[in-house]
file upload.csv (CSV, C-alpha atoms and all ligand atoms)
chain,number,residue,atom,x,y,z
A,1,MET,CA,-31.9,-0.6,-8.5
A,2,GLU,CA,-30.8,-3.8,-10.3
A,3,LEU,CA,-30.1,-1.9,-13.4
A,4,ASP,CA,-28.0,0.6,-11.5
A,5,ALA,CA,-25.9,-2.1,-9.9
A,6,CYS,CA,-25.5,-3.8,-13.2
A,7,CYS,CA,-24.3,-0.7,-15.0
A,8,ARG,CA,-21.9,0.2,-12.2
A,9,SER,CA,-20.2,-3.1,-12.3
A,10,ARG,CA,-20.1,-3.0,-16.1
A,11,THR,CA,-18.4,0.3,-16.2
A,12,ARG,CA,-16.0,-0.5,-13.4
A,13,ALA,CA,-14.9,-3.9,-14.7
A,14,PRO,CA,-12.5,-2.9,-17.5
A,15,GLY,CA,-10.6,-0.7,-15.1
A,16,ILE,CA,-10.2,-3.5,-12.6
A,17,ALA,CA,-9.2,-6.0,-15.4
A,18,ARG,CA,-6.5,-3.6,-16.6
A,19,GLY,CA,-5.3,-3.1,-13.0
A,20,VAL,CA,-5.1,-6.8,-12.3
A,21,ALA,CA,-3.4,-7.4,-15.6
A,22,HIS,CA,-0.9,-4.6,-14.8
A,23,LEU,CA,-0.1,-6.0,-11.4
A,24,ALA,CA,0.1,-9.6,-12.7
A,25,HIS,CA,2.5,-8.4,-15.3
A,26,HIS,CA,4.7,-6.8,-12.6
A,27,LEU,CA,4.6,-10.0,-10.5
A,28,SER,CA,5.5,-12.3,-13.4
A,29,HIS,CA,8.0,-9.9,-14.9
A,30,ASP,CA,9.9,-9.7,-11.6
A,31,LEU,CA,10.0,-13.5,-11.1
A,32,ALA,CA,11.2,-14.0,-14.7
A,33,HIS,CA,13.8,-11.3,-14.9
A,34,GLY,CA,15.3,-11.1,-11.4
A,35,LEU,CA,16.3,-8.2,-9.3
A,36,ALA,CA,19.2,-6.7,-11.1
A,37,HIS,CA,17.2,-6.2,-14.2
A,38,ASP,CA,14.3,-4.7,-12.2
A,39,LEU,CA,16.5,-2.3,-10.4
A,40,ALA,CA,18.1,-1.1,-13.6
A,41,HIS,CA,14.8,-0.8,-15.3
A,42,ASP,CA,13.2,1.1,-12.4
A,43,LEU,CA,16.0,3.5,-12.1
A,44,ALA,CA,16.2,4.1,-15.9
A,45,HIS,CA,12.4,4.7,-15.9
A,46,ASP,CA,12.8,7.0,-13.0
A,47,LEU,CA,15.5,9.1,-14.7
A,48,ALA,CA,13.8,9.1,-18.1
A,49,HIS,CA,10.4,10.0,-17.0
A,50,ASP,CA,9.9,11.8,-13.8
A,51,GLY,CA,12.9,11.8,-11.5
A,52,ALA,CA,13.9,15.5,-11.5
A,53,GLY,CA,10.3,16.8,-11.4
A,54,ASP,CA,9.3,14.5,-8.5
A,55,VAL,CA,12.2,15.4,-6.4
A,56,ALA,CA,11.5,19.1,-6.9
A,57,SER,CA,7.9,18.8,-6.0
A,58,ALA,CA,8.6,16.7,-2.9
A,59,LEU,CA,10.7,19.6,-1.6
A,60,VAL,CA,7.9,22.1,-1.9
A,61,PRO,CA,6.7,23.1,1.6
A,62,THR,CA,3.6,21.2,2.6
A,63,SER,CA,0.4,21.8,4.4
A,64,ALA,CA,-2.3,19.7,6.1
A,65,ALA,CA,-4.7,20.7,3.3
A,66,ARG,CA,-2.5,19.2,0.6
A,67,PRO,CA,-0.1,16.7,2.2
A,68,VAL,CA,2.8,15.2,0.3
A,69,VAL,CA,2.1,11.4,0.2
A,70,GLY,CA,4.8,9.2,-1.2
A,71,VAL,CA,4.4,5.9,-2.9
A,72,LEU,CA,7.3,3.5,-2.6
A,73,ALA,CA,8.2,3.1,-6.2
A,74,LEU,CA,10.7,0.2,-6.3
A,75,GLN,CA,8.2,-2.3,-7.9
A,76,GLY,CA,4.5,-2.9,-8.0
A,77,ASP,CA,1.3,-1.0,-8.9
A,78,VAL,CA,2.7,2.5,-8.1
A,79,ARG,CA,0.7,4.4,-10.8
A,80,GLU,CA,-2.7,3.4,-9.5
A,81,HIS,CA,-1.9,4.6,-6.0
A,82,LEU,CA,-0.5,7.9,-7.3
A,83,ALA,CA,-3.8,8.5,-9.1
A,84,ALA,CA,-6.0,7.6,-6.1
A,85,LEU,CA,-4.0,10.0,-3.9
A,86,ALA,CA,-4.2,12.8,-6.4
A,87,ALA,CA,-8.0,12.3,-6.7
A,88,LEU,CA,-8.2,12.9,-2.9
A,89,GLY,CA,-6.3,16.2,-3.0
A,90,ALA,CA,-3.0,14.9,-1.8
A,91,ASP,CA,0.3,15.7,-3.5
A,92,PRO,CA,1.5,12.3,-4.6
A,93,VAL,CA,5.2,11.5,-5.2
A,94,PRO,CA,7.1,8.4,-6.1
A,95,VAL,CA,9.8,7.5,-3.5
A,96,ARG,CA,12.9,5.6,-4.7
A,97,ARG,CA,15.7,7.1,-2.6
A,98,PRO,CA,16.2,7.8,1.1
A,99,GLU,CA,16.3,11.6,0.5
A,100,GLU,CA,12.8,11.4,-1.1
A,101,LEU,CA,11.5,9.6,2.0
A,102,THR,CA,12.5,12.5,4.2
A,103,ALA,CA,10.3,14.9,2.2
A,104,VAL,CA,6.9,13.0,2.6
A,105,ASP,CA,4.1,13.4,5.1
A,106,GLY,CA,2.9,9.8,4.6
A,107,LEU,CA,3.8,6.8,2.5
A,108,VAL,CA,2.0,4.0,0.6
A,109,LEU,CA,3.6,0.6,0.1
A,110,PRO,CA,2.0,-0.8,-3.0
A,111,GLY,CA,1.2,-4.3,-4.0
A,112,GLY,CA,3.7,-6.3,-5.9
A,113,GLU,CA,6.2,-8.9,-4.7
A,114,SER,CA,7.2,-8.4,-1.1
A,115,THR,CA,10.5,-10.3,-1.3
A,116,THR,CA,11.5,-8.2,-4.3
A,117,ILE,CA,10.4,-4.9,-2.8
A,118,GLY,CA,12.3,-5.8,0.5
A,119,LYS,CA,15.5,-6.7,-1.4
A,120,LEU,CA,15.3,-3.5,-3.5
A,121,ALA,CA,14.7,-1.4,-0.4
A,122,ALA,CA,17.8,-2.9,1.2
A,123,ARG,CA,19.8,-2.4,-2.0
A,124,THR,CA,18.8,1.2,-2.4
A,125,GLY,CA,19.5,2.0,1.2
A,126,LEU,CA,15.8,2.6,2.0
A,127,LEU,CA,15.2,-0.3,4.5
A,128,GLU,CA,16.6,1.2,7.6
A,129,PRO,CA,15.2,4.7,6.9
A,130,LEU,CA,11.8,3.1,6.3
A,131,ARG,CA,12.0,1.3,9.7
A,132,ALA,CA,13.1,4.6,11.4
A,133,ALA,CA,10.3,6.5,9.7
A,134,VAL,CA,7.7,4.0,11.0
A,135,ARG,CA,9.2,4.2,14.5
A,136,ASP,CA,8.9,8.0,14.3
A,137,GLY,CA,5.2,7.8,13.6
A,138,LEU,CA,5.2,8.4,9.8
A,139,PRO,CA,1.7,7.4,8.5
A,140,VAL,CA,2.1,4.4,6.2
A,141,TYR,CA,-0.5,2.4,4.3
A,142,GLY,CA,0.4,-1.0,2.9
A,143,THR,CA,-1.6,-2.9,0.3
A,144,CYS,CA,-1.1,-6.6,-0.1
A,145,ALA,CA,2.7,-6.9,-0.5
A,146,GLY,CA,2.8,-3.6,1.5
A,147,MET,CA,0.8,-5.3,4.3
A,148,ILE,CA,3.5,-8.1,4.3
A,149,LEU,CA,6.2,-5.4,4.5
A,150,LEU,CA,4.6,-3.8,7.5
A,151,ALA,CA,4.1,-7.0,9.5
A,152,ASP,CA,6.2,-7.8,12.5
A,153,ARG,CA,5.8,-11.6,11.9
A,154,LEU,CA,5.4,-13.7,8.7
A,155,LEU,CA,4.1,-17.2,8.0
A,156,ASP,CA,4.8,-19.1,4.7
A,157,ALA,CA,7.7,-16.7,4.0
A,158,PRO,CA,11.4,-17.6,3.3
A,159,PRO,CA,13.3,-17.4,6.6
A,160,GLU,CA,15.6,-14.7,5.2
A,161,GLN,CA,12.7,-12.4,4.1
A,162,GLU,CA,13.1,-9.0,5.7
A,163,THR,CA,10.3,-6.6,6.5
A,164,ILE,CA,10.0,-3.0,7.6
A,165,GLY,CA,7.8,-4.1,10.5
A,166,GLY,CA,5.9,-1.9,13.0
A,167,LEU,CA,2.5,-3.5,12.7
A,168,ASP,CA,2.0,-6.0,15.6
A,169,VAL,CA,0.4,-8.7,13.4
A,170,THR,CA,1.3,-12.2,12.0
A,171,VAL,CA,0.6,-12.2,8.3
A,172,ARG,CA,0.4,-15.3,6.2
A,173,ARG,CA,1.6,-14.8,2.6
A,174,ASN,CA,-0.4,-16.2,-0.3
A,175,ALA,CA,-3.0,-17.2,2.4
A,176,PHE,CA,-5.9,-17.8,0.0
A,177,GLY,CA,-3.9,-20.5,-1.8
A,178,ARG,CA,-1.0,-20.3,-4.2
A,179,GLN,CA,-3.2,-21.4,-7.1
A,180,VAL,CA,-5.7,-18.6,-6.4
A,181,ASP,CA,-4.3,-15.8,-8.6
A,182,SER,CA,-7.0,-13.3,-8.1
A,183,PHE,CA,-10.6,-13.1,-6.9
A,184,GLU,CA,-13.1,-10.5,-5.8
A,185,SER,CA,-15.1,-10.5,-2.7
A,186,ASP,CA,-17.0,-8.1,-0.4
A,187,VAL,CA,-15.3,-6.9,2.7
A,188,ASP,CA,-17.1,-5.3,5.6
A,189,VAL,CA,-15.0,-2.3,6.7
A,190,GLY,CA,-17.6,-0.4,8.6
A,191,PHE,CA,-17.4,2.6,6.3
A,192,ASP,CA,-20.3,4.8,5.4
A,193,GLY,CA,-21.8,3.6,2.1
A,194,GLY,CA,-21.7,-0.1,3.0
A,195,SER,CA,-19.3,-3.0,2.3
A,196,LEU,CA,-16.4,-2.6,0.0
A,197,HIS,CA,-15.9,-4.6,-3.1
A,198,ALA,CA,-12.3,-5.9,-2.8
A,199,VAL,CA,-9.8,-7.3,-5.3
A,200,PHE,CA,-7.4,-9.9,-4.0
A,201,ILE,CA,-4.3,-10.9,-5.9
A,202,ARG,CA,-2.1,-13.7,-4.4
A,203,ALA,CA,-3.1,-12.0,-1.2
A,204,PRO,CA,-2.0,-12.4,2.4
A,205,TRP,CA,-4.3,-12.3,5.4
A,206,VAL,CA,-3.8,-11.4,9.0
A,207,GLU,CA,-3.6,-14.6,11.0
A,208,GLU,CA,-3.2,-12.9,14.4
A,209,ALA,CA,-3.4,-9.3,15.5
A,210,GLY,CA,-1.9,-7.8,18.7
A,211,ALA,CA,-4.0,-6.0,21.3
A,212,ALA,CA,-3.1,-2.5,19.9
A,213,VAL,CA,-4.3,-3.5,16.5
A,214,GLN,CA,-7.8,-2.4,15.3
A,215,VAL,CA,-9.4,-4.9,12.9
A,216,LEU,CA,-11.0,-2.8,10.2
A,217,GLY,CA,-12.3,-5.4,7.8
A,218,ARG,CA,-13.0,-9.1,7.3
A,219,VAL,CA,-14.0,-11.2,4.3
A,220,VAL,CA,-17.7,-11.7,4.1
A,221,GLY,CA,-18.8,-15.2,2.8
A,222,GLY,CA,-17.0,-17.9,0.9
A,223,PRO,CA,-14.3,-20.2,2.1
A,224,ALA,CA,-12.3,-17.3,3.7
A,225,ASP,CA,-15.3,-16.0,5.6
A,226,GLY,CA,-14.3,-13.9,8.6
A,227,ARG,CA,-10.6,-13.7,7.7
A,228,ILE,CA,-9.0,-10.4,8.7
A,229,VAL,CA,-8.0,-8.4,5.7
A,230,ALA,CA,-7.8,-4.7,6.9
A,231,VAL,CA,-6.2,-3.4,10.0
A,232,ARG,CA,-5.0,-0.2,11.6
A,233,GLN,CA,-2.5,0.4,14.4
A,234,GLY,CA,-2.0,4.1,15.1
A,235,ASN,CA,-0.8,5.7,11.9
A,236,LEU,CA,-0.3,2.4,10.2
A,237,VAL,CA,-3.0,0.9,7.9
A,238,ALA,CA,-2.8,-2.3,5.9
A,239,THR,CA,-5.2,-4.1,3.6
A,240,SER,CA,-4.8,-7.5,1.9
A,241,PHE,CA,-6.7,-6.2,-1.1
A,242,HIS,CA,-6.2,-3.5,-3.7
A,243,PRO,CA,-8.6,-0.5,-3.4
A,244,GLU,CA,-6.4,1.4,-5.9
A,245,LEU,CA,-7.7,-1.0,-8.6
A,246,THR,CA,-11.4,-0.5,-8.0
A,247,GLY,CA,-12.0,3.2,-7.9
A,248,ASP,CA,-13.4,3.0,-4.4
A,249,ARG,CA,-11.4,5.7,-2.6
A,250,ARG,CA,-12.7,5.1,1.0
A,251,VAL,CA,-9.5,3.3,2.3
A,252,HIS,CA,-7.2,5.9,0.7
A,253,ALA,CA,-9.5,8.7,2.1
A,254,LEU,CA,-9.1,7.2,5.6
A,255,PHE,CA,-5.3,7.1,5.1
A,256,VAL,CA,-5.1,10.7,3.7
A,257,ASP,CA,-7.2,11.8,6.7
A,258,ILE,CA,-4.7,10.1,9.1
A,259,VAL,CA,-1.8,11.9,7.2
A,260,ARG,CA,-3.6,15.3,7.6
A,261,ARG,CA,-4.2,14.7,11.3
A,262,ALA,CA,-0.6,13.6,11.9
A,263,LEU,CA,0.6,16.8,10.1
A,264,ALA,CA,-1.7,19.0,12.1
A,265,GLU,CA,-0.6,17.3,15.3
A,266,ARG,CA,3.1,17.8,14.4
A,267,ALA,CA,2.5,21.5,13.6
A,268,ARG,CA,0.7,21.9,17.0
A,269,THR,CA,3.5,20.3,19.1
A,270,SER,CA,6.2,22.2,17.3
A,271,GLU,CA,4.3,25.5,18.0
A,272,GLU,CA,4.0,24.6,21.6
A,273,SER,CA,7.7,23.9,21.9
A,274,THR,CA,8.7,27.3,20.4
B,1,LIG,N1,2.0,-12.6,-3.0
B,1,LIG,C1,2.7,-11.4,-3.0
B,1,LIG,C2,3.8,-11.4,-2.0
B,1,LIG,O1,3.9,-12.2,-1.2
B,1,LIG,C3,1.8,-10.2,-2.8
B,1,LIG,C4,0.9,-10.0,-3.9
B,1,LIG,C5,0.3,-8.6,-4.1
B,1,LIG,O2,0.9,-7.6,-3.6
B,1,LIG,N2,-0.7,-8.5,-4.9
B,1,LIG,O3,4.6,-10.5,-2.0

call {"tool": "encode", "arguments": {"input": "upload.csv", "output": "structure tokens"}}
result
Amino acid sequence: MELDACCRSRTRAPGIARGVAHLAHHLSHDLAHGLAHDLAHDLAHDLAHDGAGDVASALVPTSAARPVVGVLALQGDVREHLAALAALGADPVPVRRPEELTAVDGLVLPGGESTTIGKLAARTGLLEPLRAAVRDGLPVYGTCAGMILLADRLLDAPPEQETIGGLDVTVRRNAFGRQVDSFESDVDVGFDGGSLHAVFIRAPWVEEAGAAVQVLGRVVGGPADGRIVAVRQGNLVATSFHPELTGDRRVHALFVDIVRRALAERARTSEEST
């Protein structure tokens, strides 16, 4: 038993370290180089690497068995989410433009820097379409910065910071302390298979949740014991931590299941109305 746990954490650790380093690079890169550079870099990367292919695959007709799940790819740890979604049988696509948003059945908002992602979303004309998509019931899963972007109310944020909103929560940015770059802790999410080992990177927490919000997970132990770090409201899911970095697919699986159910429900209601 002990040996098993030891081996598991040893084999998992390099992947987590790489993921944390990758995300930390994104965060510092953005702060150092500013928005204009990022936008140019992201668009150049988009065109050079995968732009045409991704747009084409996003337009292929979809089914509940293999839903098209977008990852907002303006900044942050996009790659890791694409991999997690593919592993669960979804068809993952990066989303950088409003027309790509219309082709997805669900969307992940990755971790990164929420003010940067918000500004890039406004600049690329995605902010209003994102708000409309959430209002229309598109399933959306936000991790860390993504949780901040889904929140209706923010604490410790610049007054001009814009969010997509839709989730009736008050989220405190950098809640675990500005000095705390990253740490790991167990979170009780009530999933089969026991508590989840969570990676937090300059993470927010949910300070207050409205009546319609289901609290999925809280920190277990340590100075942040009991803090809310995973929530769901209808088709919206948000976590303070980064399951895409640990190889534990249970939160992504929950989200892909929500996407599949929403697709099946839409197909059923459109059949009824014809
Ligand atoms: N602290 C970042 C923010 O406020 C979020 C960090 C993360 O996504 N890992 O946007």

call {"tool": "residues_near_ligand", "arguments": {"input": "upload.csv", "ligand": "ligand LIG 1 (chain B)", "cutoff": "9 Å", "atoms": "all atoms listed in the file", "output": "VMD selection string"}}
result
chain A and resid 20 23 to 24 27 76 to 77 110 to 117 143 to 149 157 172 to 175 178 181 to 182 200 to 204 240 to 242

call {"tool": "atom_distance", "arguments": {"input": "upload.csv", "atom1": "CA of Val69 (chain A)", "atom2": "CA of Leu101 (chain A)"}}
result
9.7 Å

call {"tool": "closest_residue", "arguments": {"input": "upload.csv", "among": "A:Val169, A:Leu72, A:Ala86, A:Thr124", "to": "Ala253 (chain A)", "atoms": "all atoms listed in the file"}}
result
A:Ala86

call {"tool": "closest_residue", "arguments": {"input": "upload.csv", "among": "A:Leu216, A:Leu167, A:Val229, A:Ala224", "to": "Leu154 (chain A)", "atoms": "only C-alpha atoms"}}
result
A:Leu167

call {"tool": "atom_distance", "arguments": {"input": "upload.csv", "atom1": "CA of Lys119 (chain A)", "atom2": "CA of Arg96 (chain A)"}}
result
13.0 Å

call {"tool": "residues_around", "arguments": {"input": "upload.csv", "residues": "Leu88 (chain A)", "least_positions_apart": "6", "cutoff": "8 Å", "atoms": "all atoms listed in the file", "output": "list in words"}}
result
Arg249, His252, Ala253 and Val256 of chain A

call {"tool": "closest_residue", "arguments": {"input": "upload.csv", "among": "A:Gly70, A:Gln161, A:Arg268, A:Gly118", "to": "Ala83 (chain A)", "atoms": "only C-alpha atoms"}}
result
A:Gly70

call {"tool": "atom_distance", "arguments": {"input": "upload.csv", "atom1": "CA of Phe183 (chain A)", "atom2": "CA of Val199 (chain A)"}}
result
6.1 Å
